[in-house]
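Q: Here it is, the structure, as structure tokens.
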Amino acid sequence: MVQDEKVASNDGADEQMLGANGVDDKLAERRDEVKFIKGDYQNGDAKIDIGTVNGGKPAFTGMSKEELMKYANDPFWVRLRWIFFVCFWAIWVGMLVGAILIIIGAPKCAAPQPLPWYKRGPHAKFASIEHCKPEDVQIANKIVASGVIYELPAALTYDVKKPELKEKIKHLVSLYSGSDTKVILDLTPNYVAKESQLVKDAAANPQARSAFVWVTGRTSEPNNWLKVGGNSSAWEKYDDSYVLSQFQNGYYDLKMNSTIVRNELGSVLRHLVGLGVSGFRLKNTKFFVLSDGLDNELTSAVPKDFNLGPNDYGFYDHKQTTFHSGLGDVLYDYLSIVKNASADAFLSVAEDVIQPQVYQLSQVPGAYGIDLPIYGDFVKVLSNPKPGKSLEKDLENTLFQAGQDSWLQWNFEDVDVNTVQDPSALAMFLSLLPGVPVVSVNAVEYQDVSQEIYKQIASLRRSASYMHGELKLVKADPLVAYSRIKSGNPGYFVIFNPTDLPQAGNFSATDLPKKMTVSYFSENYNKVNESATVTHSAKVNLQDLKVSPHSSIILTYVPENKE
């Protein structure tokens, strides 16, 4: 039996119940066809078939298997499926290749660069270039030197292009050509002989006199300036003029900020680089910039000797002739000339800068106009039998005044000749400070320190913790100690005992581990403290360690992670 009934129009009651608008209206618009089909079963079951009427859209039921199989072998659909299949794998392979190329081509984290050769050190310091000999190479090898320093006599500074001197310099460079050792020259460029071409040019051309402190129209000496370290006038008569001569008789001072001098010295530096010289240390740098005026020098507020009088150089403060502002910029001009001639070369000083701020650039606070400054008396204090001051405080002050990022020259020639400290202990302690050791071959630091110690020092100085690590001073009075550490690398803990007795380390640093490994120690370490000897690679408890008198020890440790 089929019952097909159309739903009659809604009456007013229906409209009130379903509402006249919105969702209720949409529900009211739906019309379904319901068919009741009686089954053949005796129990009276019936089948209900609900269809759609009034234009309603039937629900999507998909295609049957039989309908799909009609297209399974259709050429168009077969071809389309293959196109999609190939495109999928091509895109997948392309993404894989792209990912690999990104990994390969992505910029790597730059590995820390090794120190340039002139910072790596040590440097061996010899005498004059005129006394160089083949045996010097073996001396340099003993201290594993990266550079050798020879002095060019002051009178020859501007004569380097003369054939005879040129051959001497080439011979010097050839001595070290078979090694990694570079040649460094100490130059004195701030005065020239009366017979030099610069003086002749100035005498003939008044405009060329800007290279000197040249005073005309005077019948007497312009002021009270004296020769350096002497008691005679710094002025010399030249025809009808006076020319400043602070150093030697017959030699006239140059104004190193003069364009004429800059061109002349720049030519000398470039020529020497061309001959194979790799570094320069300039002497008398504090005199490079002179006062434009001719005012008298004033009496020093802190005289070195109260017995000095107006005719003595030490009686005055010399503010007219030394440490003038702009010195760092002048030196940077010469540094630029050297770097332009060879990026591997360097330019520094041969003497203590005394006033570090004057050697810094005017436009870049804290940056020096030179490489490798020399500053402070720490080497002297450390080696002094009776230092009279805190070694830790003096070291801290030296590094602070020089600039925390400075790479200093540690002049081993400053070691006190009467020192009671073991030379190898001094060498070890100083060599792991930020800077480069300068070892004079005439000093006890060369004569009384074995090659084995310098090999150990060279090995430590090539480590990442030294080259790029942080320096941290550790309070351990009366010991002096510091650590060198770079993240991801073993740290070094360096301890020096300047006293006459074994000393326990009351170390205040909280980030140091309790146990460390012995890396190296000075040659006298076990000889002066036989009751507490140490061995290489042995484990030691830091709090129980007693450092031998006048000795150094270097410990290795792995930094503890702070949670």
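Following the order of the structure tokens, first chain is A, next is B, and so on, with residues numbered from 1 inside each chain and ligands from 1 in the order they appear.
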Residues within 10 Å of A:Ser487, please, as JSON, numbers by chain. Count only C-alpha atoms; anything in the same chain fewer than 2 positions from it doesn't count.
A: {"A": [464, 465, 468, 469, 470, 485, 489, 490, 491, 558, 559]}
Q: List every residue of stretch 416-451 of chain A that has an atom at most 12 Å from any atom of stretch 396-400 of chain A, giving for each one its closest atom pair and the distance in Å to one decimal, counting only C-alpha atoms, sorted by chain and then by ascending residue number, as a Markdown table.
A:
```
| residue | atom | partner | partner_atom | distance |
| --- | --- | --- | --- | --- |
| A:Leu433 | CA | A:Leu399 | CA | 9.7 |
| A:Pro434 | CA | A:Leu399 | CA | 8.9 |
| A:Gly435 | CA | A:Leu399 | CA | 10.4 |
```
Q: Write down as an MDAnalysis selection string the residues belonging to stretch 238-424 of chain A that are assigned alpha helix (DSSP H) by DSSP computed on the backbone.
A: chainID A and resid 259:274 327:341 378:383 391:402 423:424
Q: Restrict the selected residues to N, CA and C atoms and save them as a short mmCIF file (atom, residue, chain, number, x, y, z; two decimals), in the first residue's frame.
A:
```cif
data_model
loop_
_atom_site.label_atom_id
_atom_site.label_comp_id
_atom_site.auth_asym_id
_atom_site.auth_seq_id
_atom_site.Cartn_x
_atom_site.Cartn_y
_atom_site.Cartn_z
N THR A 259 102.40 66.62 6.80
CA THR A 259 102.15 65.87 5.56
C THR A 259 103.46 65.44 4.91
N ILE A 260 104.47 66.29 4.97
CA ILE A 260 105.77 65.96 4.38
C ILE A 260 106.36 64.74 5.05
N VAL A 261 106.34 64.72 6.39
CA VAL A 261 106.91 63.59 7.13
C VAL A 261 106.06 62.34 6.92
N ARG A 262 104.77 62.52 6.87
CA ARG A 262 103.90 61.36 6.66
C ARG A 262 104.22 60.69 5.33
N ASN A 263 104.40 61.46 4.31
CA ASN A 263 104.74 60.89 3.00
C ASN A 263 106.10 60.21 3.02
N GLU A 264 107.05 60.83 3.73
CA GLU A 264 108.41 60.29 3.77
C GLU A 264 108.45 58.98 4.56
N LEU A 265 107.89 58.99 5.76
CA LEU A 265 107.91 57.77 6.56
C LEU A 265 107.01 56.69 5.94
N GLY A 266 105.89 57.11 5.36
CA GLY A 266 105.03 56.14 4.67
C GLY A 266 105.78 55.42 3.57
N SER A 267 106.61 56.13 2.83
CA SER A 267 107.42 55.51 1.78
C SER A 267 108.41 54.52 2.36
N VAL A 268 109.00 54.87 3.51
CA VAL A 268 109.94 53.97 4.18
C VAL A 268 109.23 52.68 4.61
N LEU A 269 108.07 52.81 5.23
CA LEU A 269 107.33 51.65 5.72
C LEU A 269 106.92 50.73 4.56
N ARG A 270 106.42 51.31 3.50
CA ARG A 270 106.02 50.50 2.34
C ARG A 270 107.22 49.78 1.73
N HIS A 271 108.35 50.46 1.68
CA HIS A 271 109.55 49.85 1.12
C HIS A 271 110.01 48.67 1.98
N LEU A 272 109.97 48.83 3.28
CA LEU A 272 110.40 47.75 4.17
C LEU A 272 109.45 46.55 4.10
N VAL A 273 108.15 46.81 3.98
CA VAL A 273 107.20 45.71 3.80
C VAL A 273 107.52 44.97 2.51
N GLY A 274 107.86 45.72 1.48
CA GLY A 274 108.22 45.10 0.21
C GLY A 274 109.47 44.24 0.31
N LEU A 327 97.56 62.27 19.18
CA LEU A 327 98.66 61.34 18.92
C LEU A 327 98.15 60.01 18.38
N GLY A 328 97.04 59.52 18.95
CA GLY A 328 96.48 58.26 18.47
C GLY A 328 96.08 58.32 17.01
N ASP A 329 95.52 59.45 16.58
CA ASP A 329 95.12 59.61 15.18
C ASP A 329 96.33 59.64 14.25
N VAL A 330 97.40 60.29 14.71
CA VAL A 330 98.63 60.35 13.90
C VAL A 330 99.20 58.95 13.72
N LEU A 331 99.26 58.20 14.80
CA LEU A 331 99.79 56.85 14.71
C LEU A 331 98.90 55.96 13.84
N TYR A 332 97.60 56.20 13.91
CA TYR A 332 96.69 55.40 13.10
C TYR A 332 96.92 55.63 11.60
N ASP A 333 97.31 56.83 11.24
CA ASP A 333 97.65 57.10 9.83
C ASP A 333 98.78 56.19 9.37
N TYR A 334 99.79 56.03 10.21
CA TYR A 334 100.91 55.16 9.85
C TYR A 334 100.52 53.69 9.91
N LEU A 335 99.65 53.34 10.86
CA LEU A 335 99.14 51.98 10.91
C LEU A 335 98.38 51.64 9.62
N SER A 336 97.61 52.59 9.12
CA SER A 336 96.85 52.37 7.88
C SER A 336 97.78 52.15 6.70
N ILE A 337 98.87 52.89 6.67
CA ILE A 337 99.85 52.71 5.59
C ILE A 337 100.42 51.29 5.62
N VAL A 338 100.74 50.82 6.81
CA VAL A 338 101.30 49.47 6.95
C VAL A 338 100.26 48.41 6.56
N LYS A 339 99.03 48.57 7.03
CA LYS A 339 97.99 47.59 6.71
C LYS A 339 97.66 47.58 5.22
N ASN A 340 97.71 48.73 4.60
CA ASN A 340 97.46 48.79 3.16
C ASN A 340 98.58 48.12 2.38
N ALA A 341 99.79 48.18 2.91
CA ALA A 341 100.92 47.52 2.24
C ALA A 341 100.85 46.02 2.43
N PHE A 378 103.67 45.99 35.68
CA PHE A 378 103.32 44.74 36.33
C PHE A 378 104.46 43.72 36.28
N VAL A 379 105.19 43.64 35.18
CA VAL A 379 106.30 42.69 35.10
C VAL A 379 107.36 43.01 36.15
N LYS A 380 107.64 44.29 36.33
CA LYS A 380 108.62 44.70 37.34
C LYS A 380 108.12 44.37 38.74
N VAL A 381 106.86 44.67 39.00
CA VAL A 381 106.29 44.43 40.33
C VAL A 381 106.25 42.93 40.63
N LEU A 382 105.85 42.14 39.64
CA LEU A 382 105.73 40.69 39.83
C LEU A 382 107.07 40.06 40.18
N SER A 383 108.14 40.57 39.58
CA SER A 383 109.46 39.97 39.77
C SER A 383 110.26 40.63 40.88
N LEU A 391 99.92 42.45 44.20
CA LEU A 391 100.10 42.02 42.81
C LEU A 391 98.76 41.93 42.09
N GLU A 392 97.76 41.41 42.79
CA GLU A 392 96.43 41.28 42.17
C GLU A 392 95.85 42.64 41.82
N LYS A 393 95.99 43.61 42.70
CA LYS A 393 95.48 44.95 42.45
C LYS A 393 96.26 45.63 41.31
N ASP A 394 97.57 45.42 41.28
CA ASP A 394 98.38 46.04 40.23
C ASP A 394 98.03 45.46 38.87
N LEU A 395 97.82 44.14 38.80
CA LEU A 395 97.43 43.52 37.54
C LEU A 395 96.06 44.02 37.10
N GLU A 396 95.13 44.06 38.04
CA GLU A 396 93.78 44.54 37.73
C GLU A 396 93.82 45.98 37.22
N ASN A 397 94.60 46.82 37.85
CA ASN A 397 94.69 48.22 37.44
C ASN A 397 95.36 48.35 36.07
N THR A 398 96.39 47.55 35.84
CA THR A 398 97.07 47.59 34.54
C THR A 398 96.12 47.25 33.40
N LEU A 399 95.36 46.17 33.56
CA LEU A 399 94.42 45.76 32.51
C LEU A 399 93.29 46.76 32.35
N PHE A 400 92.84 47.33 33.46
CA PHE A 400 91.75 48.31 33.38
C PHE A 400 92.20 49.59 32.68
N GLN A 401 93.37 50.11 33.05
CA GLN A 401 93.86 51.34 32.45
C GLN A 401 94.19 51.15 30.97
N ALA A 402 94.73 50.00 30.64
CA ALA A 402 95.08 49.74 29.24
C ALA A 402 93.83 49.50 28.39
N PRO A 423 112.40 32.00 37.01
CA PRO A 423 112.08 32.58 35.70
C PRO A 423 111.02 31.80 34.93
N SER A 424 111.02 30.48 35.06
CA SER A 424 110.00 29.70 34.35
C SER A 424 108.61 29.95 34.92
#
```
Q: Name all residues at most 9 Å from A:Asn384 (count only C-alpha atoms; drop same-chain ones fewer than 5 positions away) and give them as a PDB file with N, CA, C and O atoms, in the first residue's frame.
A:
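Okay, this is what ended up in result_21.pdb:
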```pdb
ATOM      1  N   VAL A 379     105.189  43.643  35.180  1.00  0.00           N
ATOM      2  CA  VAL A 379     106.302  42.689  35.096  1.00  0.00           C
ATOM      3  C   VAL A 379     107.358  43.014  36.150  1.00  0.00           C
ATOM      4  O   VAL A 379     107.887  42.121  36.819  1.00  0.00           O
ATOM      5  N   VAL A 415     111.964  42.122  33.839  1.00  0.00           N
ATOM      6  CA  VAL A 415     112.113  41.274  35.023  1.00  0.00           C
ATOM      7  C   VAL A 415     113.316  41.745  35.832  1.00  0.00           C
ATOM      8  O   VAL A 415     114.407  41.947  35.294  1.00  0.00           O
ATOM      9  N   ASP A 416     113.097  41.926  37.109  1.00  0.00           N
ATOM     10  CA  ASP A 416     114.153  42.415  37.999  1.00  0.00           C
ATOM     11  C   ASP A 416     115.347  41.457  37.994  1.00  0.00           C
ATOM     12  O   ASP A 416     115.178  40.242  38.160  1.00  0.00           O
ATOM     13  N   VAL A 417     116.550  42.009  37.794  1.00  0.00           N
ATOM     14  CA  VAL A 417     117.746  41.165  37.724  1.00  0.00           C
ATOM     15  C   VAL A 417     118.022  40.491  39.065  1.00  0.00           C
ATOM     16  O   VAL A 417     118.723  39.464  39.124  1.00  0.00           O
ATOM     17  N   ASN A 418     117.491  41.031  40.148  1.00  0.00           N
ATOM     18  CA  ASN A 418     117.690  40.456  41.479  1.00  0.00           C
ATOM     19  C   ASN A 418     116.491  39.638  41.940  1.00  0.00           C
ATOM     20  O   ASN A 418     116.352  39.372  43.136  1.00  0.00           O
ATOM     21  N   THR A 419     115.636  39.253  41.034  1.00  0.00           N
ATOM     22  CA  THR A 419     114.423  38.552  41.417  1.00  0.00           C
ATOM     23  C   THR A 419     114.723  37.227  42.091  1.00  0.00           C
ATOM     24  O   THR A 419     115.698  36.529  41.742  1.00  0.00           O
ATOM     25  N   VAL A 420     113.898  36.862  43.056  1.00  0.00           N
ATOM     26  CA  VAL A 420     114.008  35.561  43.704  1.00  0.00           C
ATOM     27  C   VAL A 420     113.011  34.572  43.095  1.00  0.00           C
ATOM     28  O   VAL A 420     112.994  33.401  43.472  1.00  0.00           O
ATOM     29  N   GLN A 421     112.185  35.064  42.178  1.00  0.00           N
ATOM     30  CA  GLN A 421     111.184  34.209  41.544  1.00  0.00           C
ATOM     31  C   GLN A 421     111.845  33.330  40.487  1.00  0.00           C
ATOM     32  O   GLN A 421     112.818  33.719  39.842  1.00  0.00           O
TER      33      GLN A 421
END
```
Q: Do a neighbour search on A:Tyr492 at 10 Å with only C-alpha atoms, toss out local chain neighbours closer than 4 positions, and write the hits as a VMD selection string.
A: chain A and resid 432 460 463 465 to 466 469 471 482 to 486 516 to 519 554 to 559
Q: With a distance cut-off of 12 Å and only C-alpha atoms, select the neighbouring residues of A:Tyr118, excluding the residue or stretch itself and same-chain residues fewer than 5 positions from it, and output the selection as a CSV table (one decimal) with all heavy atoms, in the first residue's frame.
A:
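Okay, this is what ended up in around-v8.csv:
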```csv
chain,number,residue,atom,x,y,z
A,123,HIS,N,107.7,36.9,21.0
A,123,HIS,CA,108.6,37.6,20.1
A,123,HIS,C,110.0,37.5,20.8
A,123,HIS,O,110.1,37.8,22.0
A,123,HIS,CB,108.2,39.0,19.8
A,123,HIS,CG,106.9,39.1,19.1
A,123,HIS,ND1,106.2,40.3,19.0
A,123,HIS,CD2,106.2,38.2,18.4
A,123,HIS,CE1,105.1,40.0,18.3
A,123,HIS,NE2,105.1,38.8,17.9
A,124,ALA,N,111.0,37.2,20.0
A,124,ALA,CA,112.4,37.2,20.5
A,124,ALA,C,113.0,38.5,20.1
A,124,ALA,O,112.9,39.0,19.0
A,124,ALA,CB,113.2,36.1,19.9
A,145,ALA,N,109.3,31.3,18.8
A,145,ALA,CA,108.9,32.7,18.5
A,145,ALA,C,108.2,32.8,17.2
A,145,ALA,O,108.5,32.1,16.2
A,145,ALA,CB,110.2,33.5,18.4
A,146,SER,N,107.1,33.6,17.2
A,146,SER,CA,106.4,33.9,16.0
A,146,SER,C,107.0,35.1,15.3
A,146,SER,O,106.8,35.4,14.1
A,146,SER,CB,104.9,34.1,16.2
A,146,SER,OG,104.7,35.3,17.0
A,147,GLY,N,107.8,35.9,16.0
A,147,GLY,CA,108.4,37.1,15.5
A,147,GLY,C,109.8,37.4,16.1
A,147,GLY,O,110.0,37.0,17.3
A,148,VAL,N,110.7,38.0,15.4
A,148,VAL,CA,112.0,38.4,15.9
A,148,VAL,C,112.1,39.9,15.7
A,148,VAL,O,111.8,40.4,14.7
A,148,VAL,CB,113.1,37.6,15.2
A,148,VAL,CG1,113.1,36.2,15.7
A,148,VAL,CG2,113.0,37.7,13.7
A,149,ILE,N,112.6,40.5,16.7
A,149,ILE,CA,112.7,42.0,16.7
A,149,ILE,C,114.2,42.4,16.6
A,149,ILE,O,115.0,42.0,17.5
A,149,ILE,CB,112.1,42.6,18.0
A,149,ILE,CG1,110.6,42.2,18.1
A,149,ILE,CG2,112.2,44.1,18.0
A,149,ILE,CD1,110.0,42.5,19.5
A,180,ASP,N,108.4,29.9,10.1
A,180,ASP,CA,107.2,30.7,10.2
A,180,ASP,C,107.4,32.0,11.0
A,180,ASP,O,106.5,32.7,11.3
A,180,ASP,CB,106.1,29.9,10.9
A,180,ASP,CG,105.6,28.7,10.1
A,180,ASP,OD1,105.7,28.8,8.8
A,180,ASP,OD2,105.2,27.7,10.7
A,181,THR,N,108.7,32.2,11.3
A,181,THR,CA,109.0,33.4,12.1
A,181,THR,C,109.1,34.6,11.2
A,181,THR,O,109.8,34.6,10.2
A,181,THR,CB,110.4,33.2,12.8
A,181,THR,OG1,110.3,32.0,13.6
A,181,THR,CG2,110.7,34.3,13.8
A,182,LYS,N,108.5,35.7,11.7
A,182,LYS,CA,108.5,37.0,10.9
A,182,LYS,C,109.5,38.0,11.5
A,182,LYS,O,109.8,37.9,12.7
A,182,LYS,CB,107.1,37.6,11.0
A,182,LYS,CG,105.9,36.7,10.6
A,182,LYS,CD,105.9,36.3,9.2
A,182,LYS,CE,104.6,35.5,8.8
A,182,LYS,NZ,104.5,35.2,7.4
A,183,VAL,N,109.9,38.9,10.7
A,183,VAL,CA,110.9,39.9,11.1
A,183,VAL,C,110.2,41.2,11.4
A,183,VAL,O,109.3,41.7,10.7
A,183,VAL,CB,111.9,40.2,9.9
A,183,VAL,CG1,112.8,41.3,10.3
A,183,VAL,CG2,112.7,38.9,9.7
A,184,ILE,N,110.6,41.7,12.6
A,184,ILE,CA,110.0,43.0,13.1
A,184,ILE,C,111.2,44.0,13.3
A,184,ILE,O,112.2,43.6,13.8
A,184,ILE,CB,109.3,42.8,14.4
A,184,ILE,CG1,108.2,41.7,14.3
A,184,ILE,CG2,108.7,44.1,15.0
A,184,ILE,CD1,107.8,41.2,15.6
A,278,SER,N,107.7,42.4,8.4
A,278,SER,CA,106.3,42.1,8.7
A,278,SER,C,105.7,42.9,9.8
A,278,SER,O,104.5,42.9,10.1
A,278,SER,CB,106.0,40.6,9.0
A,278,SER,OG,106.4,39.8,7.9
A,279,GLY,N,106.6,43.6,10.5
A,279,GLY,CA,106.1,44.4,11.7
A,279,GLY,C,107.0,45.5,12.1
A,279,GLY,O,108.2,45.5,11.8
A,280,PHE,N,106.5,46.5,12.8
A,280,PHE,CA,107.3,47.7,13.2
A,280,PHE,C,106.9,48.1,14.6
A,280,PHE,O,105.7,48.1,14.9
A,280,PHE,CB,107.1,48.9,12.2
A,280,PHE,CG,107.3,48.5,10.8
A,280,PHE,CD1,106.2,48.2,10.0
A,280,PHE,CD2,108.6,48.6,10.2
A,280,PHE,CE1,106.4,47.8,8.6
A,280,PHE,CE2,108.8,48.3,8.9
A,280,PHE,CZ,107.7,47.9,8.1
A,281,ARG,N,107.9,48.4,15.3
A,281,ARG,CA,107.7,49.1,16.7
A,281,ARG,C,108.4,50.4,16.6
A,281,ARG,O,109.6,50.5,16.4
A,281,ARG,CB,108.3,48.2,17.8
A,281,ARG,CG,107.7,46.8,17.8
A,281,ARG,CD,108.0,46.1,19.2
A,281,ARG,NE,109.3,46.3,19.6
A,281,ARG,CZ,109.8,46.1,20.9
A,281,ARG,NH1,108.9,45.7,21.8
A,281,ARG,NH2,111.0,46.3,21.2
A,343,ALA,N,98.1,43.3,4.8
A,343,ALA,CA,97.1,43.1,5.8
A,343,ALA,C,97.7,42.2,7.0
A,343,ALA,O,97.1,42.2,8.1
A,343,ALA,CB,95.9,42.4,5.2
A,344,ASP,N,98.8,41.5,6.7
A,344,ASP,CA,99.3,40.6,7.7
A,344,ASP,C,100.4,41.3,8.6
A,344,ASP,O,100.8,40.8,9.6
A,344,ASP,CB,100.0,39.5,7.0
A,344,ASP,CG,100.3,38.3,7.9
A,344,ASP,OD1,99.4,38.0,8.8
A,344,ASP,OD2,101.3,37.6,7.8
A,345,ALA,N,100.7,42.6,8.3
A,345,ALA,CA,101.7,43.3,9.0
A,345,ALA,C,101.1,44.1,10.2
A,345,ALA,O,99.9,44.2,10.3
A,345,ALA,CB,102.4,44.3,8.1
A,346,PHE,N,101.9,44.6,11.1
A,346,PHE,CA,101.4,45.3,12.2
A,346,PHE,C,102.3,46.5,12.5
A,346,PHE,O,103.5,46.5,12.1
A,346,PHE,CB,101.2,44.4,13.4
A,346,PHE,CG,102.5,44.2,14.2
A,346,PHE,CD1,102.8,44.9,15.4
A,346,PHE,CD2,103.4,43.3,13.8
A,346,PHE,CE1,103.9,44.7,16.1
A,346,PHE,CE2,104.6,43.0,14.6
A,346,PHE,CZ,104.8,43.8,15.7
A,347,LEU,N,101.8,47.4,13.3
A,347,LEU,CA,102.6,48.6,13.8
A,347,LEU,C,102.3,48.8,15.2
A,347,LEU,O,101.1,48.9,15.6
A,347,LEU,CB,102.3,49.8,12.9
A,347,LEU,CG,103.1,51.1,13.3
A,347,LEU,CD1,103.6,51.8,12.0
A,347,LEU,CD2,102.3,52.1,14.1
A,348,SER,N,103.3,49.0,16.0
A,348,SER,CA,103.2,49.1,17.4
A,348,SER,C,104.2,50.1,18.0
A,348,SER,O,104.8,50.9,17.2
A,348,SER,CB,103.3,47.8,18.1
A,348,SER,OG,103.0,47.9,19.5
A,371,ASP,N,98.7,48.7,17.1
A,371,ASP,CA,98.6,47.3,17.6
A,371,ASP,C,99.5,47.1,18.8
A,371,ASP,O,100.5,47.8,19.0
A,371,ASP,CB,99.0,46.3,16.5
A,371,ASP,CG,98.2,46.4,15.3
A,371,ASP,OD1,96.9,46.4,15.4
A,371,ASP,OD2,98.8,46.5,14.2
A,372,LEU,N,99.1,46.2,19.7
A,372,LEU,CA,100.0,45.8,20.8
A,372,LEU,C,100.6,46.9,21.6
A,372,LEU,O,101.8,47.1,21.6
A,372,LEU,CB,101.1,44.9,20.2
A,372,LEU,CG,100.7,43.7,19.4
A,372,LEU,CD1,101.9,43.0,18.9
A,372,LEU,CD2,99.8,42.8,20.1
A,407,TRP,N,95.5,44.0,23.9
A,407,TRP,CA,96.4,42.9,23.8
A,407,TRP,C,97.8,43.5,23.9
A,407,TRP,O,98.4,44.0,23.0
A,407,TRP,CB,96.2,42.2,22.4
A,407,TRP,CG,96.7,40.8,22.4
A,407,TRP,CD1,97.9,40.4,21.9
A,407,TRP,CD2,96.0,39.6,22.8
A,407,TRP,NE1,98.0,39.0,22.0
A,407,TRP,CE2,96.9,38.5,22.6
A,407,TRP,CE3,94.8,39.4,23.4
A,407,TRP,CZ2,96.5,37.2,22.9
A,407,TRP,CZ3,94.4,38.1,23.7
A,407,TRP,CH2,95.3,37.1,23.5
A,408,LEU,N,98.3,43.4,25.1
A,408,LEU,CA,99.5,44.1,25.5
A,408,LEU,C,100.8,43.4,25.1
A,408,LEU,O,100.8,42.1,24.9
A,408,LEU,CB,99.6,44.4,27.0
A,408,LEU,CG,98.4,45.3,27.6
A,408,LEU,CD1,98.5,45.3,29.1
A,408,LEU,CD2,98.5,46.7,27.0
A,409,GLN,N,101.9,44.1,25.1
A,409,GLN,CA,103.2,43.4,25.0
A,409,GLN,C,103.7,43.3,26.5
A,409,GLN,O,103.7,44.3,27.2
A,409,GLN,CB,104.2,44.3,24.3
A,409,GLN,CG,103.9,44.4,22.8
A,409,GLN,CD,105.0,45.3,22.1
A,409,GLN,OE1,106.1,44.9,22.1
A,409,GLN,NE2,104.6,46.4,21.5
A,435,GLY,N,97.9,39.1,25.8
A,435,GLY,CA,99.1,39.9,25.3
A,435,GLY,C,100.1,38.9,24.7
A,435,GLY,O,99.9,37.7,24.6
A,436,VAL,N,101.2,39.5,24.3
A,436,VAL,CA,102.3,38.8,23.7
A,436,VAL,C,103.6,39.0,24.5
A,436,VAL,O,104.0,40.1,24.8
A,436,VAL,CB,102.5,39.2,22.2
A,436,VAL,CG1,102.7,40.6,22.1
A,436,VAL,CG2,103.6,38.4,21.6
A,437,PRO,N,104.3,37.9,24.9
A,437,PRO,CA,105.5,38.0,25.6
A,437,PRO,C,106.6,38.5,24.6
A,437,PRO,O,106.7,38.0,23.5
A,437,PRO,CB,105.8,36.6,26.1
A,437,PRO,CG,104.5,35.8,26.0
A,437,PRO,CD,103.8,36.5,24.8
A,438,VAL,N,107.4,39.4,25.1
A,438,VAL,CA,108.6,39.9,24.3
A,438,VAL,C,109.8,39.5,25.1
A,438,VAL,O,110.1,40.0,26.2
A,438,VAL,CB,108.6,41.4,24.1
A,438,VAL,CG1,109.8,41.8,23.3
A,438,VAL,CG2,107.3,41.8,23.3
```
Q: So that I can check the secondary structure, give me every residue of stretch 48-186 of chain A assigned strand (DSSP E) by backbone DSSP, as a PyMOL selection string.
A: chain A and resi 48-52+123-128+147-151+182-186
Q: Write out, as a tab-separated table, each residue of stretch 278-339 of chain A that has an atom at most 7 Å from stretch 235-255 of chain A, together with the closest pair of atoms and their distance in Å to one decimal, counting only C-alpha atoms, rows going by chain and rising number.
A:
```
residue	atom	partner	partner_atom	distance
A:Phe288	CA	A:Lys255	CA	6.2
A:Val289	CA	A:Lys255	CA	6.1
A:Leu290	CA	A:Lys255	CA	6.6
```
Q: Output N, CA, C and O atoms for every residue in that selection, as a PDB file, in the first residue's frame.
A:
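Wrote it out as result27.pdb, contents follow:
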```
ATOM      1  N   PHE A 288     105.857  62.527  19.119  1.00  0.00           N
ATOM      2  CA  PHE A 288     105.455  62.646  17.712  1.00  0.00           C
ATOM      3  C   PHE A 288     104.677  63.918  17.423  1.00  0.00           C
ATOM      4  O   PHE A 288     104.727  64.441  16.314  1.00  0.00           O
ATOM      5  N   VAL A 289     103.900  64.401  18.377  1.00  0.00           N
ATOM      6  CA  VAL A 289     103.115  65.615  18.173  1.00  0.00           C
ATOM      7  C   VAL A 289     103.652  66.683  19.115  1.00  0.00           C
ATOM      8  O   VAL A 289     103.678  66.481  20.338  1.00  0.00           O
ATOM      9  N   LEU A 290     104.078  67.803  18.553  1.00  0.00           N
ATOM     10  CA  LEU A 290     104.692  68.892  19.333  1.00  0.00           C
ATOM     11  C   LEU A 290     103.768  70.098  19.360  1.00  0.00           C
ATOM     12  O   LEU A 290     102.905  70.264  18.493  1.00  0.00           O
TER      13      LEU A 290
END
```
Q: Using only C-alpha atoms, which of A:Leu156, A:Val364, A:Val277, A:Phe88 sits nearest A:Ser174?
A: A:Val277
Q: Please provide as a ChimeraX atom specification all residues within 7 Å of A:Tyr525, with the sequence filter that same-chain residues fewer than 4 positions apart are discarded (counting only C-alpha atoms).
A: /A:521,529,548,551
Q: What does the distance between atom CA of A:Ala204 and atom CA of A:Val192 come to in Å, to one decimal place?
A: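 Answer for the atom CA of A:Ala204 to atom CA of A:Val192 separation: 16.6 Å.
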Q: Can you work out the spacing between atom CA of A:Arg218 and atom CA of A:Val199 in Å, to one decimal?
A: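 Between atom CA of A:Arg218 and atom CA of A:Val199 the gap is 19.0 Å.
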Q: Can you write out as a Markdown table which residues of stretch 454-557 of chain A fall within 10 Å of stretch 441-449 of chain A, alongside each residue's closest atom pair and its distance in Å to one decimal, counting only C-alpha atoms and ordering rows by chain and ascending residue number?
A:
```
| residue | atom | partner | partner_atom | distance |
| --- | --- | --- | --- | --- |
| A:Tyr454 | CA | A:Val449 | CA | 7.7 |
| A:Ser522 | CA | A:Val449 | CA | 9.5 |
| A:Glu523 | CA | A:Val449 | CA | 8.4 |
```
Q: When you draw a straight line from atom CA of A:Gln320 to atom CA of A:Val358, how long is it in Å?
A: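 Atom CA of A:Val358 lies at a distance of 14.2 Å from atom CA of A:Gln320.
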